[in-house]
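S.K.: Below is one structure. I have some questions about it.
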Number of protein chains: 2
Amino acid sequence: MKILIIEDDISIRNVLRLSLESKGFVVDEAGDGDTGSYLARTNSYDVILLDNILPKKLGGFVCKEIREAGKNTPILVLSSKQEVLTKVQLLNTGVDDYITKPFSFEELMARMRAITRRPNVLMRQIYTFKDIEINIHSQIVKRKNKEIYLTRKEFSLLEYLIKNQNNVVSRGEILEHVWDMSIDPFSNTIETHIMNLRKKLHDTKRLLISSIPGRGYKFNFKQ
Amino acid sequence: MKILIIEDDISIRNVLRLSLESKGFVVDEAGDGDTGSYLARTNSYDVILLDNILPKKLGGFVCKEIREAGKNTPILVLSSKQEVLTKVQLLNTGVDDYITKPFSFEELMARMRAITRRPNVLMRQIYTFKDIEINIHSQIVKRKNKEIYLTRKEFSLLEYLIKNQNNVVSRGEILEHVWDMSIDPFSNTIETHIMNLRKKLHDTKRLLISSIPGRGYKFNFKQ
DNA sequence: GGGTTATTTAAAAACTTTTTTAAAAAAAAT
DNA sequence: ATTTTTTTTAAAAAAGTTTTTAAATAACCC
């Protein structure tokens, strides 16, 4: 899951990034409305956290631009207490929900969970394949009921593969969703992580993660 | 499906080629407007991706040349943020759509899908012939409901034959559509691939792919 | 903050699969 | 019957993937 934070206060941004990354999210940041709007329109995020008072462009306007570009990424507005935002105003700009600052991290997670829980998306939280169990929410992977420790990148990668189960995902798509924008597109870090994942999941025969030469990788999930 | 990329930045070209090829496209490249215009006028592409700021010839002019040569290949312009391109300006040069750099691969694919989705072209995505099922989009071929693995070249070749079903396609036409411009025109690689395809599809009697001596091959699709 | 440990990325070598080439055998055309 | 074209097989070359190792970066702990 990849999040974009559009927020001018660097310390809020840092706190958010830290907390979100510890929950296994991949985070991109923008310090002003222009950059934020631009990143939102040119990347695929799962959620956008949008401060309402921003330099260069106001949150409401950023939101409008994103929607006009045809992106329907869920947007959660972070508004300060003083601003009186009516639900009507919000709905008009295409925002999905808002949360008043200051808020607890648990509160934020709950709101994020709520706006990403859409009927069309398969949001299963626990997958079992043979003796392997993967819990997306708690980020715990078990094999023969024994916990397997995965690093953040390993988990993000596995999560992305699972969300596209039985479909081939190309290296480009993986990079766009699991890595942030600073990654070199010709790096072989994906391969290294795939290999570590297969090792940790004891997937020597590639039954779980198979390579499709020239196309990418595929997570095989049957029942 | 064959794509021409006209773009001077070699790293953008490389990234695009990589991503497109992993989705089963055949890619030709040009680093300047002159070469690009020439290739576009002398070959058959399904889509042309055209950078607007180019050495030797500007994108708009390249586009005009292609249209004047009688080619109506869909053209998607890759423009940078700074350039203020009005839709009117674009329409006047014969461009089909434009996308602002940088863009996500999903975005590009969506635009490409949009401009190639023309009513006259039979754009069926799933074909079934007896016990064989071919899904163009997911690039999966099944026989008796069991997946048959085809390599990229095998799939491209099959796709081209299917798109010209019940018509004879010559070796030259196949080379032009399924191979990129670096292929040796006297190579017999087509024959090898046809043979591998027939083997994988269990087409021993050539009911599916028949040879028309002196003319080429024909994919027989009834019902 | 500095040192330690863990994670991620990069580079290169080993290995696998795909694609192309070449050449002989079989089939079709003149 | 001979020439041309197509099919088949095998092997070389190219492309792509895996694995190992090392370096860089980030996270952790005192």
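A note on labels: chains of the structure tokens are A, B, ... as shown, every chain counts residues from 1, and ligands are counted from 1 in their shown order.
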If chain A is superposed onto chain B by least squares using every Cα atom in order, what is the RMSD, in Å to one decimal?

M.R.: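 The optimal C-alpha superposition leaves an RMSD of 0.5 Å.
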
S.K.: May I have a table of the residues of segment 127-214 of chain B lying at most 8 Å from segment 15-30 of chain C, giving each one's closest pair of atoms and their distance in Å to one decimal, counting only C-alpha atoms (C1' of nucleotides), ordered by chain and ascending residue number, as JSON lines?

M.R.:
```
{"residue": "B:Thr151", "atom": "CA", "partner": "C:DT18", "partner_atom": "C1'", "distance": 7.4}
{"residue": "B:Ser187", "atom": "CA", "partner": "C:DT21", "partner_atom": "C1'", "distance": 7.7}
{"residue": "B:Thr189", "atom": "CA", "partner": "C:DT20", "partner_atom": "C1'", "distance": 6.2}
{"residue": "B:Pro213", "atom": "CA", "partner": "C:DA28", "partner_atom": "C1'", "distance": 7.5}
```

S.K.: What does the file look like for those residues with N, CA and C atoms, as an mmCIF file, in the first residue's frame?

M.R.:
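And here is the file that came out, part04.cif:
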```cif
data_model
loop_
_atom_site.group_PDB
_atom_site.id
_atom_site.type_symbol
_atom_site.label_atom_id
_atom_site.label_comp_id
_atom_site.auth_asym_id
_atom_site.auth_seq_id
_atom_site.Cartn_x
_atom_site.Cartn_y
_atom_site.Cartn_z
ATOM 1 N N THR B 151 5.766 -18.261 -24.938
ATOM 2 C CA THR B 151 6.750 -17.199 -24.740
ATOM 3 C C THR B 151 6.205 -15.920 -25.383
ATOM 4 N N SER B 187 15.707 -14.271 -42.301
ATOM 5 C CA SER B 187 15.729 -15.229 -41.202
ATOM 6 C C SER B 187 14.553 -16.205 -41.310
ATOM 7 N N THR B 189 13.189 -17.543 -38.618
ATOM 8 C CA THR B 189 12.711 -17.648 -37.242
ATOM 9 C C THR B 189 11.184 -17.755 -37.176
ATOM 10 N N PRO B 213 1.405 -22.318 -49.269
ATOM 11 C CA PRO B 213 2.719 -22.250 -49.908
ATOM 12 C C PRO B 213 2.841 -21.067 -50.866
#
```

S.K.: Grab the atom CA of Arg17 of chain B to atom CA of Leu76 of chain B distance for me, in Å with one decimal place.

M.R.: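 The value is 15.3 Å.
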
S.K.: Calculate how many Å separate atom CA of Leu201 of chain B from atom CA of Gln139 of chain B, rounding to one decimal.

M.R.: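 Interatomic distance here is 14.5 Å.
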
S.K.: Mind checking which residues fall within 8 Å of segment 166-171 of chain B, counting only C-alpha atoms (C1' of nucleotides), ignoring those fewer than 3 positions away in the same chain, and posting them as a list in words?

M.R.: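 Residues near the query, excluding close chain neighbours: Leu161, Ile174, Leu175, Ile190, Ile212, Arg215, Gly216, Tyr217, Lys218, Phe219, Asn220 and Phe221 of chain B.
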
S.K.: Pull out every residue of chain B that has at least one atom within 10 Å of chain A, counting only C-alpha atoms, and report them as a ChimeraX atom specification.

M.R.: /B:11,14-16,18-24,81,99-108,138-140,149-153

S.K.: Could you pull out the residues in segment 57-116 of chain B that DSSP calls helix (DSSP H, G or I) from the backbone, as a list in words?

M.R.: Gly59, Gly60, Phe61, Val62, Cys63, Lys64, Glu65, Ile66, Arg67, Glu68, Lys87, Val88, Gln89, Leu90, Leu91, Asn92, Thr93, Phe105, Glu106, Glu107, Leu108, Met109, Ala110, Arg111, Met112, Arg113, Ala114, Ile115 and Thr116 of chain B

S.K.: Taking into account only C-alpha atoms, which residue in the set B:Asn52, B:Thr128, B:Thr192, B:Ser156 is nearest to Leu78 of chain B?

M.R.: B:Asn52

S.K.: When DSSP is applied to the backbone of this structure, which of segment 43-187 of chain A are assigned strand (DSSP E or B)? Write them out as a PDB file with N, CA and C atoms, in the first residue's frame.

M.R.:
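Saved to selection-v4.pdb:
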```pdb
ATOM      1  N   VAL A  47      -3.935   5.665  -0.894  1.00  0.00           N
ATOM      2  CA  VAL A  47      -4.605   6.731  -0.128  1.00  0.00           C
ATOM      3  C   VAL A  47      -3.780   8.010  -0.256  1.00  0.00           C
ATOM      4  N   ILE A  48      -4.467   9.142  -0.267  1.00  0.00           N
ATOM      5  CA  ILE A  48      -3.771  10.434  -0.208  1.00  0.00           C
ATOM      6  C   ILE A  48      -4.203  11.148   1.071  1.00  0.00           C
ATOM      7  N   LEU A  49      -3.201  11.554   1.867  1.00  0.00           N
ATOM      8  CA  LEU A  49      -3.485  12.348   3.061  1.00  0.00           C
ATOM      9  C   LEU A  49      -3.207  13.796   2.696  1.00  0.00           C
ATOM     10  N   LEU A  50      -4.219  14.637   2.798  1.00  0.00           N
ATOM     11  CA  LEU A  50      -4.109  15.992   2.256  1.00  0.00           C
ATOM     12  C   LEU A  50      -4.411  17.045   3.312  1.00  0.00           C
ATOM     13  N   ASP A  51      -3.401  17.844   3.615  1.00  0.00           N
ATOM     14  CA  ASP A  51      -3.594  18.981   4.515  1.00  0.00           C
ATOM     15  C   ASP A  51      -4.430  20.019   3.773  1.00  0.00           C
ATOM     16  N   ILE A  75      -9.161  10.109  -0.803  1.00  0.00           N
ATOM     17  CA  ILE A  75      -8.462  11.261  -0.220  1.00  0.00           C
ATOM     18  C   ILE A  75      -9.026  11.547   1.167  1.00  0.00           C
ATOM     19  N   LEU A  76      -8.096  11.628   2.116  1.00  0.00           N
ATOM     20  CA  LEU A  76      -8.470  11.943   3.492  1.00  0.00           C
ATOM     21  C   LEU A  76      -7.872  13.296   3.840  1.00  0.00           C
ATOM     22  N   VAL A  77      -8.722  14.281   4.147  1.00  0.00           N
ATOM     23  CA  VAL A  77      -8.226  15.628   4.427  1.00  0.00           C
ATOM     24  C   VAL A  77      -7.900  15.776   5.907  1.00  0.00           C
ATOM     25  N   LEU A  78      -6.724  16.358   6.168  1.00  0.00           N
ATOM     26  CA  LEU A  78      -6.315  16.657   7.537  1.00  0.00           C
ATOM     27  C   LEU A  78      -6.595  18.137   7.772  1.00  0.00           C
ATOM     28  N   SER A  79      -7.633  18.442   8.522  1.00  0.00           N
ATOM     29  CA  SER A  79      -7.981  19.854   8.687  1.00  0.00           C
ATOM     30  C   SER A  79      -7.756  20.296  10.119  1.00  0.00           C
ATOM     31  N   SER A  80      -7.469  21.571  10.321  1.00  0.00           N
ATOM     32  CA  SER A  80      -7.307  22.052  11.697  1.00  0.00           C
ATOM     33  C   SER A  80      -8.676  22.431  12.252  1.00  0.00           C
ATOM     34  N   ASP A  97     -13.119  11.710   3.109  1.00  0.00           N
ATOM     35  CA  ASP A  97     -13.384  11.896   4.534  1.00  0.00           C
ATOM     36  C   ASP A  97     -12.415  12.950   5.045  1.00  0.00           C
ATOM     37  N   TYR A  98     -12.666  13.460   6.264  1.00  0.00           N
ATOM     38  CA  TYR A  98     -11.698  14.374   6.860  1.00  0.00           C
ATOM     39  C   TYR A  98     -11.530  14.069   8.333  1.00  0.00           C
ATOM     40  N   ILE A  99     -10.399  14.498   8.867  1.00  0.00           N
ATOM     41  CA  ILE A  99     -10.042  14.218  10.246  1.00  0.00           C
ATOM     42  C   ILE A  99      -9.454  15.509  10.817  1.00  0.00           C
ATOM     43  N   THR A 100      -9.841  15.865  12.050  1.00  0.00           N
ATOM     44  CA  THR A 100      -9.421  17.143  12.619  1.00  0.00           C
ATOM     45  C   THR A 100      -8.134  16.995  13.415  1.00  0.00           C
ATOM     46  N   LYS A 101      -7.201  17.888  13.148  1.00  0.00           N
ATOM     47  CA  LYS A 101      -5.923  17.888  13.858  1.00  0.00           C
ATOM     48  C   LYS A 101      -6.113  18.505  15.232  1.00  0.00           C
ATOM     49  N   ILE A 126      -6.759 -12.226   5.295  1.00  0.00           N
ATOM     50  CA  ILE A 126      -5.951 -13.408   5.609  1.00  0.00           C
ATOM     51  C   ILE A 126      -5.964 -14.380   4.429  1.00  0.00           C
ATOM     52  N   TYR A 127      -4.776 -14.762   3.993  1.00  0.00           N
ATOM     53  CA  TYR A 127      -4.636 -15.713   2.901  1.00  0.00           C
ATOM     54  C   TYR A 127      -3.922 -16.951   3.405  1.00  0.00           C
ATOM     55  N   THR A 128      -4.417 -18.108   3.023  1.00  0.00           N
ATOM     56  CA  THR A 128      -3.685 -19.319   3.372  1.00  0.00           C
ATOM     57  C   THR A 128      -3.429 -20.121   2.102  1.00  0.00           C
ATOM     58  N   PHE A 129      -2.222 -20.561   1.962  1.00  0.00           N
ATOM     59  CA  PHE A 129      -1.846 -21.387   0.829  1.00  0.00           C
ATOM     60  C   PHE A 129      -0.991 -22.513   1.375  1.00  0.00           C
ATOM     61  N   ILE A 132       1.141 -22.086   4.493  1.00  0.00           N
ATOM     62  CA  ILE A 132       1.520 -20.688   4.722  1.00  0.00           C
ATOM     63  C   ILE A 132       0.290 -19.821   4.940  1.00  0.00           C
ATOM     64  N   GLU A 133       0.370 -18.967   5.957  1.00  0.00           N
ATOM     65  CA  GLU A 133      -0.738 -18.073   6.265  1.00  0.00           C
ATOM     66  C   GLU A 133      -0.219 -16.646   6.279  1.00  0.00           C
ATOM     67  N   ILE A 134      -0.892 -15.761   5.539  1.00  0.00           N
ATOM     68  CA  ILE A 134      -0.443 -14.381   5.454  1.00  0.00           C
ATOM     69  C   ILE A 134      -1.562 -13.460   5.924  1.00  0.00           C
ATOM     70  N   ASN A 135      -1.275 -12.696   6.969  1.00  0.00           N
ATOM     71  CA  ASN A 135      -2.260 -11.762   7.494  1.00  0.00           C
ATOM     72  C   ASN A 135      -1.849 -10.345   7.094  1.00  0.00           C
ATOM     73  N   ILE A 140       1.620 -10.366   9.648  1.00  0.00           N
ATOM     74  CA  ILE A 140       2.300 -11.556  10.160  1.00  0.00           C
ATOM     75  C   ILE A 140       2.150 -12.706   9.160  1.00  0.00           C
ATOM     76  N   VAL A 141       3.285 -13.326   8.859  1.00  0.00           N
ATOM     77  CA  VAL A 141       3.299 -14.470   7.957  1.00  0.00           C
ATOM     78  C   VAL A 141       3.693 -15.689   8.770  1.00  0.00           C
ATOM     79  N   LYS A 142       2.920 -16.753   8.612  1.00  0.00           N
ATOM     80  CA  LYS A 142       3.225 -17.966   9.363  1.00  0.00           C
ATOM     81  C   LYS A 142       3.400 -19.134   8.414  1.00  0.00           C
ATOM     82  N   ARG A 143       4.299 -20.031   8.802  1.00  0.00           N
ATOM     83  CA  ARG A 143       4.476 -21.273   8.059  1.00  0.00           C
ATOM     84  C   ARG A 143       4.454 -22.404   9.075  1.00  0.00           C
ATOM     85  N   LYS A 146       4.184 -21.345  12.560  1.00  0.00           N
ATOM     86  CA  LYS A 146       5.326 -20.661  13.180  1.00  0.00           C
ATOM     87  C   LYS A 146       5.549 -19.353  12.442  1.00  0.00           C
ATOM     88  N   GLU A 147       5.735 -18.271  13.182  1.00  0.00           N
ATOM     89  CA  GLU A 147       5.869 -16.960  12.561  1.00  0.00           C
ATOM     90  C   GLU A 147       7.162 -16.834  11.753  1.00  0.00           C
ATOM     91  N   ILE A 148       7.029 -16.245  10.552  1.00  0.00           N
ATOM     92  CA  ILE A 148       8.201 -15.966   9.727  1.00  0.00           C
ATOM     93  C   ILE A 148       8.382 -14.460   9.717  1.00  0.00           C
ATOM     94  N   VAL A 168       0.011 -11.759 -13.793  1.00  0.00           N
ATOM     95  CA  VAL A 168       1.427 -11.431 -13.899  1.00  0.00           C
ATOM     96  C   VAL A 168       1.599  -9.930 -13.648  1.00  0.00           C
ATOM     97  N   VAL A 169       2.507  -9.579 -12.742  1.00  0.00           N
ATOM     98  CA  VAL A 169       2.834  -8.165 -12.570  1.00  0.00           C
ATOM     99  C   VAL A 169       4.252  -7.928 -13.068  1.00  0.00           C
TER     100      VAL A 169
END
```
